[in-house]
file protein03.cif (mmCIF, C-alpha atoms and all ligand atoms)
data_upload
loop_
_atom_site.label_atom_id
_atom_site.label_comp_id
_atom_site.auth_asym_id
_atom_site.auth_seq_id
_atom_site.Cartn_x
_atom_site.Cartn_y
_atom_site.Cartn_z
CA MET A 1 124.98 10.51 -154.35
CA LYS A 2 122.04 8.93 -152.46
CA ILE A 3 122.93 5.37 -151.46
CA LEU A 4 120.78 2.77 -149.71
CA LEU A 5 122.30 -0.24 -147.91
CA LEU A 6 119.99 -3.14 -147.05
CA SER A 7 120.49 -6.10 -144.76
CA PHE A 8 117.93 -8.90 -144.42
CA TYR A 9 119.42 -11.40 -142.01
CA ASP A 10 122.83 -12.05 -140.47
CA LEU A 11 122.20 -15.03 -138.18
CA GLY A 12 120.71 -12.81 -135.51
CA LYS A 13 123.75 -10.52 -135.37
CA GLN A 14 124.17 -6.83 -136.06
CA PRO A 15 125.29 -6.54 -139.72
CA LYS A 16 128.75 -5.16 -138.94
CA ILE A 17 129.80 -5.19 -142.60
CA ILE A 18 127.14 -2.52 -143.32
CA SER A 19 128.84 -0.14 -140.90
CA GLU A 20 132.19 -0.86 -142.59
CA LEU A 21 130.69 -0.14 -145.99
CA TYR A 22 129.13 3.04 -144.65
CA GLN A 23 132.57 4.22 -143.52
CA LYS A 24 134.07 3.43 -146.91
CA LEU A 25 131.25 5.25 -148.76
CA ASP A 26 131.24 8.21 -146.39
CA ASN A 27 133.28 10.74 -148.36
CA GLY A 28 131.52 13.73 -146.78
CA GLU A 29 129.19 14.17 -149.75
CA ASN A 30 127.15 10.98 -150.06
CA GLN A 31 123.82 10.52 -148.28
CA ILE A 32 123.79 6.94 -147.00
CA ASP A 33 120.68 5.27 -145.55
CA ILE A 34 120.60 1.86 -143.87
CA VAL A 35 117.75 -0.56 -143.19
CA ASP A 36 118.11 -3.92 -141.47
CA TYR A 37 114.88 -5.72 -142.33
CA SER A 38 115.66 -8.51 -139.85
CA ILE A 39 114.54 -6.15 -137.10
CA GLU A 40 113.09 -3.05 -138.82
CA ASP A 41 110.03 -2.59 -140.96
CA LYS A 42 110.51 0.60 -142.99
CA ASP A 43 108.63 1.62 -146.09
CA ILE A 44 111.25 2.74 -148.60
CA THR A 45 110.95 3.88 -152.21
CA LEU A 46 113.99 2.25 -153.78
CA SER A 47 113.82 4.29 -156.99
CA GLU A 48 114.54 7.47 -155.00
CA TYR A 49 118.14 6.32 -154.58
CA ASP A 50 121.04 6.55 -157.02
CA ALA A 51 122.60 3.33 -155.79
CA LEU A 52 121.48 0.27 -153.85
CA GLY A 53 123.77 -2.16 -151.98
CA VAL A 54 122.40 -5.49 -150.75
CA TYR A 55 124.09 -7.59 -148.08
CA ALA A 56 123.92 -11.24 -149.19
CA SER A 57 125.45 -12.57 -145.97
CA MET A 58 124.38 -16.11 -146.72
CA HIS A 59 121.67 -18.21 -148.26
CA THR A 60 118.59 -17.15 -146.29
CA ALA A 61 119.52 -13.48 -146.59
CA SER A 62 119.72 -13.89 -150.36
CA VAL A 63 116.30 -15.58 -150.54
CA LEU A 64 114.77 -12.80 -148.42
CA ALA A 65 116.48 -10.09 -150.49
CA GLU A 66 115.22 -11.56 -153.75
CA GLU A 67 111.66 -11.72 -152.38
CA PHE A 68 111.86 -8.11 -151.21
CA LEU A 69 113.29 -6.70 -154.44
CA ARG A 70 111.06 -8.67 -156.82
CA ASP A 71 108.87 -6.43 -159.03
CA LYS A 72 110.23 -3.20 -157.52
CA THR A 73 111.75 -0.35 -159.53
CA LEU A 74 115.42 -0.33 -158.61
CA PRO A 75 118.10 2.38 -158.76
CA THR A 76 120.45 2.29 -161.74
CA LYS A 77 123.58 1.38 -159.76
CA LEU A 78 123.25 -1.94 -157.97
CA PHE A 79 125.77 -3.90 -155.96
CA VAL A 80 125.80 -6.90 -153.67
CA PHE A 81 128.34 -7.87 -151.00
CA GLY A 82 128.85 -10.71 -148.50
CA LEU A 83 129.49 -14.44 -148.72
CA TYR A 84 126.68 -15.00 -151.24
CA ALA A 85 127.45 -11.96 -153.40
CA HIS A 86 128.63 -14.09 -156.33
CA VAL A 87 125.70 -16.46 -156.13
CA PHE A 88 123.33 -13.49 -156.02
CA SER A 89 124.95 -11.62 -158.91
CA GLU A 90 125.00 -14.76 -161.07
CA MET A 91 121.24 -14.92 -160.66
CA TYR A 92 120.79 -11.16 -161.03
CA PRO A 93 123.51 -9.89 -163.36
CA ASN A 94 122.31 -6.28 -162.94
CA PHE A 95 123.89 -6.49 -159.45
CA ASN A 96 127.67 -6.03 -159.35
CA SER A 97 129.40 -8.31 -156.89
CA ILE A 98 131.80 -6.49 -154.54
CA HIS A 99 134.46 -9.03 -153.71
CA SER A 100 136.44 -7.03 -151.16
CA LEU A 101 135.98 -3.71 -149.42
CA ASP A 102 139.69 -3.10 -149.95
CA SER A 103 139.36 -3.34 -153.73
CA ASP A 104 138.45 -0.52 -156.14
CA ASP A 105 135.26 -2.33 -157.21
CA LEU A 106 132.95 0.15 -155.47
CA ASP A 107 134.85 3.29 -156.52
CA ASN A 108 134.71 2.12 -160.13
CA LEU A 109 131.03 1.18 -160.03
CA LEU A 110 129.86 4.37 -158.35
CA ASP A 111 132.40 6.51 -160.21
CA LEU A 112 133.27 8.33 -156.97
CA LYS A 113 136.33 8.92 -154.84
CA LEU A 114 135.48 7.09 -151.62
CA ASN A 115 136.94 7.44 -148.11
CA THR A 116 140.65 6.70 -148.64
CA ASP A 117 141.29 6.42 -144.88
CA TYR A 118 139.16 3.29 -144.66
CA SER A 119 140.95 -0.07 -144.25
CA PHE A 120 139.06 -3.37 -143.88
CA LYS A 121 141.89 -4.83 -141.79
CA HIS A 122 142.31 -1.89 -139.42
CA SER A 123 139.31 0.51 -139.38
CA VAL A 124 137.12 0.10 -136.29
CA PRO A 125 133.48 -0.41 -137.33
CA ASP A 126 131.17 2.43 -136.28
CA ARG A 127 128.26 0.38 -134.95
CA SER A 128 126.45 3.49 -133.70
CA ILE A 129 124.96 3.89 -137.19
CA LEU A 130 123.27 0.45 -136.90
CA PRO A 131 120.22 -0.50 -134.82
CA SER A 132 121.20 -1.17 -131.19
CA ILE A 133 122.82 -4.53 -130.32
CA THR A 134 120.09 -4.93 -127.71
CA ASP A 135 117.71 -5.69 -130.63
CA TYR A 136 119.71 -8.72 -131.77
CA SER A 137 120.47 -12.24 -130.58
CA HIS A 138 120.94 -12.63 -126.82
CA ILE A 139 122.57 -15.15 -124.53
CA VAL A 140 119.85 -17.04 -122.72
CA ASP A 141 120.79 -18.84 -119.53
CA GLY A 142 117.82 -19.85 -117.42
CA SER A 143 116.40 -16.64 -116.05
CA ASN A 144 119.18 -14.51 -117.53
CA ASN A 145 118.84 -12.82 -120.87
CA LEU A 146 122.08 -11.06 -121.68
CA VAL A 147 122.88 -8.66 -124.51
CA ALA A 148 125.36 -10.31 -126.87
CA GLY A 149 127.72 -8.57 -129.27
CA SER A 150 130.03 -10.11 -131.84
CA VAL A 151 133.47 -9.70 -133.32
CA GLU A 152 135.84 -11.48 -135.70
CA THR A 153 139.55 -12.00 -135.23
CA THR A 154 139.92 -13.44 -138.75
CA TYR A 155 137.98 -13.72 -142.00
CA GLY A 156 137.97 -16.62 -144.44
CA CYS A 157 138.95 -20.19 -143.57
CA LYS A 158 141.92 -22.39 -144.38
CA HIS A 159 139.74 -25.48 -144.87
CA ALA A 160 137.63 -26.62 -147.79
CA CYS A 161 134.64 -28.53 -146.42
CA THR A 162 132.58 -29.29 -149.51
CA HIS A 163 129.18 -28.28 -148.08
CA CYS A 164 130.38 -24.90 -146.79
CA PRO A 165 129.93 -21.52 -148.57
CA VAL A 166 133.11 -20.05 -147.04
CA PRO A 167 135.72 -21.84 -149.22
CA ILE A 168 133.76 -20.97 -152.39
CA GLU A 169 134.67 -17.36 -151.66
CA PHE A 170 137.99 -17.68 -149.82
CA ASN A 171 139.49 -20.70 -151.56
CA GLY A 172 141.12 -22.17 -148.44
CA SER A 173 142.68 -18.95 -147.15
CA PHE A 174 142.09 -16.67 -144.17
CA LYS A 175 143.39 -13.31 -142.96
CA THR A 176 143.61 -11.68 -139.56
CA PHE A 177 142.07 -8.39 -138.48
CA GLY A 178 144.24 -5.82 -136.69
CA THR A 179 144.33 -6.08 -132.89
CA GLU A 180 143.21 -2.48 -132.33
CA LYS A 181 140.22 -2.95 -134.64
CA ILE A 182 139.09 -6.05 -132.71
CA THR A 183 139.63 -4.76 -129.17
CA GLN A 184 138.12 -1.32 -129.83
CA ASP A 185 135.10 -2.91 -131.53
CA VAL A 186 134.54 -5.06 -128.42
CA ALA A 187 135.05 -2.06 -126.12
CA ASN A 188 132.40 -0.12 -128.07
CA GLN A 189 129.93 -2.98 -127.78
CA VAL A 190 130.58 -3.41 -124.05
CA GLU A 191 129.91 0.31 -123.69
CA ALA A 192 126.63 -0.21 -125.60
CA GLY A 193 125.55 -2.89 -123.10
CA ALA A 194 127.05 -6.19 -124.30
CA LYS A 195 127.71 -8.73 -121.54
CA HIS A 196 128.79 -11.46 -123.91
CA ILE A 197 130.72 -11.50 -127.20
CA SER A 198 130.46 -14.16 -129.91
CA PHE A 199 133.58 -14.71 -131.98
CA ASN A 200 132.18 -14.92 -135.50
CA ASP A 201 135.33 -16.35 -137.05
CA PRO A 202 134.40 -19.28 -139.30
CA ASP A 203 136.90 -21.15 -137.13
CA PHE A 204 138.45 -19.61 -134.00
CA PHE A 205 141.44 -21.95 -134.20
CA ASN A 206 142.39 -21.28 -137.83
CA GLY A 207 145.10 -19.13 -136.27
CA PRO A 208 144.99 -20.32 -132.64
CA LYS A 209 147.87 -18.21 -131.33
CA HIS A 210 146.39 -15.01 -132.77
CA ALA A 211 142.95 -15.92 -131.40
CA LEU A 212 144.25 -16.69 -127.90
CA LYS A 213 146.36 -13.54 -127.81
CA ILE A 214 143.23 -11.50 -128.59
CA LEU A 215 141.13 -13.41 -126.06
CA GLU A 216 143.73 -12.86 -123.32
CA LEU A 217 143.82 -9.15 -124.10
CA LEU A 218 140.03 -8.86 -124.04
CA ASN A 219 139.87 -10.82 -120.81
CA THR A 220 142.27 -8.38 -119.18
CA GLN A 221 140.33 -5.36 -120.46
CA HIS A 222 136.83 -6.77 -119.68
CA PRO A 223 137.18 -9.47 -117.01
CA ASP A 224 133.38 -9.91 -116.61
CA ILE A 225 132.57 -10.45 -120.28
CA THR A 226 131.93 -14.02 -121.48
CA TYR A 227 132.50 -15.47 -124.96
CA ASP A 228 131.58 -18.21 -127.38
CA SER A 229 133.33 -19.35 -130.52
CA THR A 230 133.20 -21.95 -133.28
CA ILE A 231 135.99 -24.53 -133.44
CA LYS A 232 136.08 -27.51 -135.78
CA VAL A 233 136.52 -31.02 -134.39
CA GLU A 234 139.91 -31.41 -136.09
CA HIS A 235 141.20 -28.30 -134.29
CA ILE A 236 139.79 -29.30 -130.89
CA LEU A 237 141.78 -32.51 -131.17
CA LYS A 238 144.87 -30.91 -132.72
CA TYR A 239 145.24 -28.12 -130.15
CA PRO A 240 144.15 -29.56 -126.76
CA GLU A 241 146.60 -27.26 -124.94
CA TYR A 242 144.98 -24.18 -126.49
CA PHE A 243 141.48 -25.53 -125.83
CA ARG A 244 142.45 -25.96 -122.17
CA GLU A 245 143.13 -22.23 -121.87
CA LEU A 246 139.64 -21.22 -123.00
CA LYS A 247 137.85 -21.91 -119.71
CA ASP A 248 140.00 -19.50 -117.70
CA LEU A 249 139.43 -16.85 -120.36
CA ASN A 250 135.62 -16.92 -119.91
CA MET A 251 134.75 -19.02 -122.97
CA LEU A 252 131.19 -20.09 -122.07
CA PHE A 253 130.75 -22.65 -124.81
CA VAL A 254 132.20 -23.78 -128.12
CA ILE A 255 130.08 -24.52 -131.18
CA SER A 256 131.47 -27.33 -133.32
CA ALA A 257 130.18 -28.60 -136.68
CA PHE A 258 129.83 -32.34 -136.13
CA GLU A 259 127.46 -32.75 -139.16
CA THR A 260 126.94 -36.54 -139.14
CA THR A 261 128.14 -39.80 -137.64
CA ASN A 262 128.48 -41.41 -141.09
CA ASP A 263 132.20 -41.66 -141.93
CA LEU A 264 131.51 -41.97 -145.66
CA VAL A 265 129.52 -38.71 -145.63
CA LEU A 266 132.17 -37.01 -143.48
CA GLU A 267 134.71 -38.01 -146.13
CA ILE A 268 132.54 -36.57 -148.94
CA LEU A 269 132.15 -33.36 -146.94
CA GLN A 270 135.95 -33.32 -146.43
CA LYS A 271 135.50 -32.55 -142.75
CA ASN A 272 138.81 -34.15 -141.74
CA HIS A 273 137.12 -35.88 -138.84
CA THR A 274 135.47 -39.24 -138.16
CA TYR A 275 132.66 -40.49 -135.93
CA LYS A 276 135.28 -41.52 -133.38
CA ASP A 277 136.75 -38.01 -133.45
CA LEU A 278 133.33 -36.60 -132.47
CA ARG A 279 133.43 -38.66 -129.30
CA ASP A 280 137.04 -37.65 -128.61
CA ALA A 281 136.18 -33.95 -129.08
CA VAL A 282 133.29 -34.24 -126.61
CA GLU A 283 135.66 -35.86 -124.12
CA VAL A 284 138.13 -32.98 -124.50
CA SER A 285 135.29 -30.53 -123.80
CA ILE A 286 134.11 -32.46 -120.74
CA LYS A 287 137.66 -32.72 -119.40
CA ASN A 288 138.05 -28.95 -119.71
CA ASN A 289 134.58 -28.18 -118.38
CA ILE A 290 133.45 -26.21 -121.45
CA ASP A 291 130.09 -27.03 -123.01
CA ILE A 292 130.35 -28.14 -126.59
CA ARG A 293 127.35 -27.30 -128.77
CA PRO A 294 127.48 -29.66 -131.74
CA THR A 295 125.76 -28.60 -134.94
CA TRP A 296 124.42 -31.29 -137.23
CA MET A 297 123.56 -31.78 -140.86
CA PRO A 298 122.05 -35.24 -140.55
CA PHE A 299 120.32 -35.32 -143.95
CA SER A 300 122.27 -35.70 -147.17
CA PRO A 301 121.79 -38.05 -150.15
CA TRP A 302 123.71 -40.86 -148.40
CA THR A 303 122.04 -40.73 -144.97
CA GLU A 304 120.90 -44.01 -143.42
CA ILE A 305 118.64 -44.43 -140.39
CA ASP A 306 121.62 -45.72 -138.34
CA ASP A 307 123.34 -42.37 -138.79
CA LEU A 308 120.40 -40.70 -137.06
CA THR A 309 120.26 -43.18 -134.21
CA ASN A 310 124.04 -42.90 -133.76
CA ILE A 311 123.64 -39.14 -133.28
CA ILE A 312 121.12 -39.80 -130.51
CA THR A 313 123.40 -42.42 -128.95
CA LEU A 314 126.25 -39.90 -128.85
CA ILE A 315 123.97 -37.26 -127.29
CA GLU A 316 122.73 -39.75 -124.71
CA ASP A 317 126.17 -41.21 -123.91
CA TYR A 318 127.59 -37.78 -123.13
CA LYS A 319 124.43 -36.17 -121.70
CA LEU A 320 124.27 -33.48 -124.37
CA ARG A 321 120.48 -33.15 -124.54
CA GLU A 322 120.62 -29.44 -123.60
CA THR A 323 123.49 -28.52 -125.88
CA VAL A 324 121.94 -29.69 -129.16
CA ASP A 325 119.30 -27.42 -130.66
CA PRO A 326 116.43 -29.71 -131.76
CA ILE A 327 116.12 -27.99 -135.16
CA GLN A 328 119.66 -29.21 -135.85
CA LEU A 329 118.37 -32.80 -136.01
CA THR A 330 116.27 -31.90 -139.07
CA ILE A 331 118.86 -30.02 -141.16
CA LYS A 332 119.44 -30.95 -144.82
CA LEU A 333 122.48 -30.45 -147.03
CA LEU A 334 122.35 -27.15 -148.94
CA ILE A 335 123.95 -27.08 -152.39
CA PRO A 336 124.34 -23.53 -153.72
CA LYS A 337 125.86 -22.54 -157.09
CA ASN A 338 129.62 -23.29 -157.22
CA SER A 339 129.37 -25.51 -154.13
CA LEU A 340 132.55 -27.58 -153.76
CA ILE A 341 130.43 -30.68 -153.36
CA LEU A 342 129.56 -30.44 -157.05
CA ASN A 343 133.15 -31.54 -157.73
CA ARG A 344 132.68 -34.78 -155.80
CA PRO A 345 131.79 -37.75 -158.05
CA GLU A 346 129.51 -39.19 -155.31
CA ILE A 347 126.94 -36.40 -155.73
CA LYS A 348 126.34 -36.92 -159.46
CA GLU A 349 123.64 -39.59 -159.32
CA TYR A 350 121.61 -37.75 -156.68
CA LEU A 351 121.79 -34.20 -158.02
CA LEU A 352 118.65 -32.63 -159.51
CA ASP A 353 118.07 -29.25 -161.18
CA TYR A 354 119.11 -25.87 -159.86
CA ASP A 355 116.14 -24.05 -158.35
CA PRO A 356 116.65 -20.29 -158.85
CA ALA A 357 113.96 -19.38 -156.32
CA SER A 358 115.80 -21.17 -153.51
CA PHE A 359 119.33 -20.37 -154.77
CA SER A 360 120.22 -24.07 -154.53
CA TYR A 361 120.18 -27.48 -156.22
CA SER A 362 117.58 -30.06 -155.29
CA TRP A 363 118.79 -33.60 -154.64
CA ASN A 364 117.46 -37.14 -154.04
CA TYR A 365 118.12 -39.58 -151.23
CA LYS A 366 119.75 -42.95 -151.91
CA ASN A 367 117.34 -44.39 -149.34
CA THR A 368 114.04 -42.69 -150.19
CA ALA A 369 112.57 -43.49 -146.74
CA LEU A 370 114.78 -40.73 -145.33
CA ASP A 371 112.74 -38.06 -147.08
CA ASN A 372 109.66 -38.97 -145.02
CA ILE A 373 111.66 -39.21 -141.80
CA GLN A 374 113.19 -35.75 -142.32
CA ASN A 375 109.73 -34.36 -143.09
CA GLU A 376 108.23 -35.95 -140.00
CA LEU A 377 111.00 -34.62 -137.73
CA PHE A 378 110.76 -31.18 -139.24
CA THR A 379 106.95 -31.07 -139.01
CA TYR A 380 107.22 -32.13 -135.38
CA VAL A 381 109.49 -29.16 -134.57
CA LEU A 382 107.21 -26.85 -136.56
CA GLN A 383 104.12 -28.02 -134.66
CA ASN A 384 105.84 -27.95 -131.27
CA GLU A 385 107.71 -24.71 -131.67
CA SER A 386 106.36 -23.33 -128.42
CA ALA A 387 107.41 -26.40 -126.38
CA ASP A 388 110.70 -26.15 -124.54
CA GLU A 389 113.68 -27.58 -126.39
CA TYR A 390 114.17 -30.44 -123.97
CA ARG A 391 110.65 -31.69 -124.75
CA GLN A 392 111.19 -31.14 -128.46
CA TYR A 393 114.30 -33.32 -128.27
CA LEU A 394 112.39 -36.12 -126.51
CA GLY A 395 109.66 -35.90 -129.16
CA LEU A 396 112.20 -36.18 -131.98
CA VAL A 397 113.82 -39.19 -130.32
CA LYS A 398 110.41 -40.90 -130.11
CA ILE A 399 109.97 -40.47 -133.88
CA LEU A 400 113.40 -41.98 -134.49
CA GLU A 401 112.64 -44.87 -132.12
CA LYS A 402 109.49 -45.59 -134.13
CA HIS A 403 111.40 -45.65 -137.45
CA SER A 404 114.44 -47.57 -136.19
CA GLY A 405 112.69 -50.01 -133.84
CA LYS A 406 115.41 -49.21 -131.25
CA SER A 407 115.21 -47.79 -127.74
CA LEU A 408 117.41 -44.73 -127.91
CA LEU A 409 117.02 -42.86 -124.63
CA SER A 410 119.52 -43.67 -121.94
CA THR A 411 118.03 -45.71 -119.10
CA GLU A 412 120.17 -43.81 -116.58
CA LYS A 413 118.52 -41.01 -114.60
CA TYR A 414 119.02 -37.76 -116.52
CA ASN A 415 119.64 -34.57 -114.57
CA GLN A 416 118.45 -31.80 -116.84
CA ARG A 417 120.83 -28.82 -116.83
CA VAL A 418 120.39 -25.14 -117.58
CA VAL A 419 123.10 -24.18 -120.07
CA PRO A 420 123.88 -20.85 -121.74
CA LYS A 421 123.10 -20.54 -125.45
CA LEU A 422 122.48 -17.95 -128.11
CA SER A 423 118.86 -17.18 -128.88
CA GLU A 424 119.55 -17.79 -132.59
CA THR A 425 119.91 -21.47 -133.25
CA TRP A 426 121.05 -22.21 -136.73
CA PHE A 427 123.93 -21.85 -139.07
CA CYS A 428 124.94 -20.77 -142.55
CA CYS A 429 125.72 -24.13 -144.18
CA ALA A 430 122.24 -25.46 -143.53
CA GLU A 431 119.32 -25.43 -145.87
CA PRO A 432 116.90 -22.94 -144.34
CA ASN A 433 113.44 -24.33 -144.06
CA LYS A 434 110.06 -22.75 -143.69
CA ILE A 435 110.20 -22.56 -139.93
CA GLN A 436 113.41 -20.58 -140.06
CA LEU A 437 112.17 -18.16 -142.67
CA GLU A 438 108.95 -17.62 -140.74
CA ARG A 439 110.89 -17.08 -137.51
CA ILE A 440 113.03 -14.48 -139.20
CA ARG A 441 110.00 -12.68 -140.61
CA SER A 442 108.11 -12.79 -137.34
CA ASN A 443 111.24 -11.96 -135.33
CA LYS A 444 110.40 -14.79 -132.95
CA ALA A 445 114.01 -15.88 -132.77
CA LEU A 446 115.11 -12.36 -131.86
CA ILE A 447 114.31 -11.56 -128.28
S1 LIG B 501 132.75 -25.76 -142.36
FE1 LIG B 501 134.05 -24.52 -141.01
S2 LIG B 501 136.09 -25.41 -141.19
FE2 LIG B 501 134.93 -26.16 -142.94
S3 LIG B 501 135.38 -24.71 -144.59
FE3 LIG B 501 133.51 -24.01 -143.56
S4 LIG B 501 134.17 -22.54 -142.06
FE4 LIG B 501 135.99 -23.72 -142.67
#
call {"tool": "encode", "arguments": {"input": "protein03.cif", "output": "structure tokens", "more": "lines below"}}
Ligand code: SF4
result
Amino acid sequence: MKILLLSFYDLGKQPKIISELYQKLDNGENQIDIVDYSIEDKDITLSEYDALGVYASMHTASVLAEEFLRDKTLPTKLFVFGLYAHVFSEMYPNFNSIHSLDSDDLDNLLDLKLNTDYSFKHSVPDRSILPSITDYSHIVDGSNNLVAGSVETTYGCKHACTHCPVPIEFNGSFKTFGTEKITQDVANQVEAGAKHISFNDPDFFNGPKHALKILELLNTQHPDITYDSTIKVEHILKYPEYFRELKDLNMLFVISAFETTNDLVLEILQKNHTYKDLRDAVEVSIKNNIDIRPTWMPFSPWTEIDDLTNIITLIEDYKLRETVDPIQLTIKLLIPKNSLILNRPEIKEYLLDYDPASFSYSWNYKNTALDNIQNELFTYVLQNESADEYRQYLGLVKILEKHSGKSLLSTEKYNQRVVPKLSETWFCCAEPNKIQLERIRSNKALI
């Protein structure tokens, strides 16, 4: 059987799941081709294949996939996999959603005996069949530009934040990957040139002991490799003793989804943290000398101008200008099909129709002035894309000062720092906007 696997965007990372799928499909008889359109531009005749698999890693990937496939003649056997597989297959019922690589879904659809040795928990991904990791997101750190790989110690998440696509699929559960799979995958990437590894776990501290055990092992095997991970505010505060260990194990920075300073919105999002907790989490990071990189989702139906100025106050109070990506200050709530936020009574009066083209619901603001402010901030970033991020931040603050009538920049002298960060600057729960889609298409975000 001739099978084509397509990836469109995986947040700047190598689409590891494609290599896993390849291994499962590789029964010694199938011909399997792979294209990652986030970095390749291949002309392919889809109808030449017997089966097509599309990686719907998240929202933007699904939008790009739909655009690519529209009006093309497709193979007869179609399947979709990844976090947005269900959303995609609800829109396009001719695509079968593959829930788990350990299930028989694929065998049944393709009517083939697939590789029985393959195990999602234990098989080491063969990344050599993918484009090189040097083509994907890097760590940028002043003059350094380091090849970055990625790995996961777990999949799924034990939390149920209402704006997040992960619990729609995993329903508040997570599982661990086998130690050998994780460590060998990292060893292979180090061999391929990686100097830094991102832990792609939705939350590195869902199983903190497992995560730290892996990190200690990796640190012993590759003492020069650095890391980053994502840890929610609640876990930073709950496990300060584990957080303390990260610095000595080469954790360069920790990404944490702060979202907003509005406690009412945080409650609706079921984040299990408050505005005060954000400040406490930053203090834990400062105490342990690990940069925290907060991600934000400032715009939701309930946003008020004070929420935006409070974000700037927090950034200024803790001197975080370099660790917040300016685009983050423009991000809007994304509501896909089956989003948990649809179960919250607060959303009802602001919810508009589902827009199939964008795979999401539109919504209104309670305070309509916020729509213009978001647009102005976003347009500013769009028009100043080539300016350095520090200047972009100052420009965004000026816009917020104009709308709030407040002086927001700290009057203290600010010593600008050079901090390490990934060259890809946005995240899966956010509504992708035009600038992001254009950056993906033009590969500008991919060094
Ligand atoms: S936002 Fe993070 S912690 Fe919350 S459900 Fe999603 S992955 Fe889990």
call {"tool": "atom_distance", "arguments": {"input": "protein03.cif", "atom1": "atom CA of A:Asp280", "atom2": "atom CA of A:Leu237"}}
result
7.4 Å
call {"tool": "residues_around", "arguments": {"input": "protein03.cif", "residues": "A:Asp263", "least_positions_apart": "2", "cutoff": "6 Å", "atoms": "all atoms listed in the file", "output": "list in words"}}
result
Val265, Leu266 and Thr274 of chain A
call {"tool": "residues_around", "arguments": {"input": "protein03.cif", "residues": "A:Asp117", "least_positions_apart": "5", "cutoff": "12 Å", "atoms": "all atoms listed in the file", "output": "MDAnalysis selection string"}}
result
chainID A and resid 20 23:27 102 122:124
call {"tool": "residues_around", "arguments": {"input": "protein03.cif", "residues": "A:Asn288", "least_positions_apart": "3", "cutoff": "8 Å", "atoms": "only C-alpha atoms", "output": "list in words"}}
result
Phe243, Arg244, Lys247, Val284 and Ser285 of chain A
call {"tool": "residues_near_ligand", "arguments": {"input": "protein03.cif", "ligand": "ligand LIG 501 (chain B)", "cutoff": "12 Å", "atoms": "all atoms listed in the file", "output": "ChimeraX atom specification"}}
result
/A:83,154-174,200-206,229-236,255-259,266,269-273,295-297,339-341,427-430
call {"tool": "write_last_selection", "arguments": {"input": "protein03.cif", "atoms": "C-alpha atoms", "output": "CSV table (one decimal), in the coordinates of the input"}}
result
chain,number,residue,atom,x,y,z
A,83,LEU,CA,129.5,-14.4,-148.7
A,154,THR,CA,139.9,-13.4,-138.8
A,155,TYR,CA,138.0,-13.7,-142.0
A,156,GLY,CA,138.0,-16.6,-144.4
A,157,CYS,CA,139.0,-20.2,-143.6
A,158,LYS,CA,141.9,-22.4,-144.4
A,159,HIS,CA,139.7,-25.5,-144.9
A,160,ALA,CA,137.6,-26.6,-147.8
A,161,CYS,CA,134.6,-28.5,-146.4
A,162,THR,CA,132.6,-29.3,-149.5
A,163,HIS,CA,129.2,-28.3,-148.1
A,164,CYS,CA,130.4,-24.9,-146.8
A,165,PRO,CA,129.9,-21.5,-148.6
A,166,VAL,CA,133.1,-20.0,-147.0
A,167,PRO,CA,135.7,-21.8,-149.2
A,168,ILE,CA,133.8,-21.0,-152.4
A,169,GLU,CA,134.7,-17.4,-151.7
A,170,PHE,CA,138.0,-17.7,-149.8
A,171,ASN,CA,139.5,-20.7,-151.6
A,172,GLY,CA,141.1,-22.2,-148.4
A,173,SER,CA,142.7,-19.0,-147.2
A,174,PHE,CA,142.1,-16.7,-144.2
A,200,ASN,CA,132.2,-14.9,-135.5
A,201,ASP,CA,135.3,-16.4,-137.0
A,202,PRO,CA,134.4,-19.3,-139.3
A,203,ASP,CA,136.9,-21.2,-137.1
A,204,PHE,CA,138.4,-19.6,-134.0
A,205,PHE,CA,141.4,-22.0,-134.2
A,206,ASN,CA,142.4,-21.3,-137.8
A,229,SER,CA,133.3,-19.4,-130.5
A,230,THR,CA,133.2,-22.0,-133.3
A,231,ILE,CA,136.0,-24.5,-133.4
A,232,LYS,CA,136.1,-27.5,-135.8
A,233,VAL,CA,136.5,-31.0,-134.4
A,234,GLU,CA,139.9,-31.4,-136.1
A,235,HIS,CA,141.2,-28.3,-134.3
A,236,ILE,CA,139.8,-29.3,-130.9
A,255,ILE,CA,130.1,-24.5,-131.2
A,256,SER,CA,131.5,-27.3,-133.3
A,257,ALA,CA,130.2,-28.6,-136.7
A,258,PHE,CA,129.8,-32.3,-136.1
A,259,GLU,CA,127.5,-32.8,-139.2
A,266,LEU,CA,132.2,-37.0,-143.5
A,269,LEU,CA,132.2,-33.4,-146.9
A,270,GLN,CA,136.0,-33.3,-146.4
A,271,LYS,CA,135.5,-32.6,-142.8
A,272,ASN,CA,138.8,-34.2,-141.7
A,273,HIS,CA,137.1,-35.9,-138.8
A,295,THR,CA,125.8,-28.6,-134.9
A,296,TRP,CA,124.4,-31.3,-137.2
A,297,MET,CA,123.6,-31.8,-140.9
A,339,SER,CA,129.4,-25.5,-154.1
A,340,LEU,CA,132.6,-27.6,-153.8
A,341,ILE,CA,130.4,-30.7,-153.4
A,427,PHE,CA,123.9,-21.8,-139.1
A,428,CYS,CA,124.9,-20.8,-142.6
A,429,CYS,CA,125.7,-24.1,-144.2
A,430,ALA,CA,122.2,-25.5,-143.5
call {"tool": "residues_around", "arguments": {"input": "protein03.cif", "residues": "stretch 43-48 of chain A", "least_positions_apart": "6", "cutoff": "7 Å", "atoms": "only C-alpha atoms", "output": "ChimeraX atom specification"}}
result
/A:73-75
call {"tool": "write_last_selection", "arguments": {"input": "protein03.cif", "atoms": "C-alpha atoms", "output": "PDB file, in the coordinates of the input"}}
result
ATOM      1  CA  THR A  73     111.750  -0.350-159.530  1.00  0.00           C
ATOM      2  CA  LEU A  74     115.420  -0.330-158.610  1.00  0.00           C
ATOM      3  CA  PRO A  75     118.100   2.380-158.760  1.00  0.00           C
TER       4      PRO A  75
END
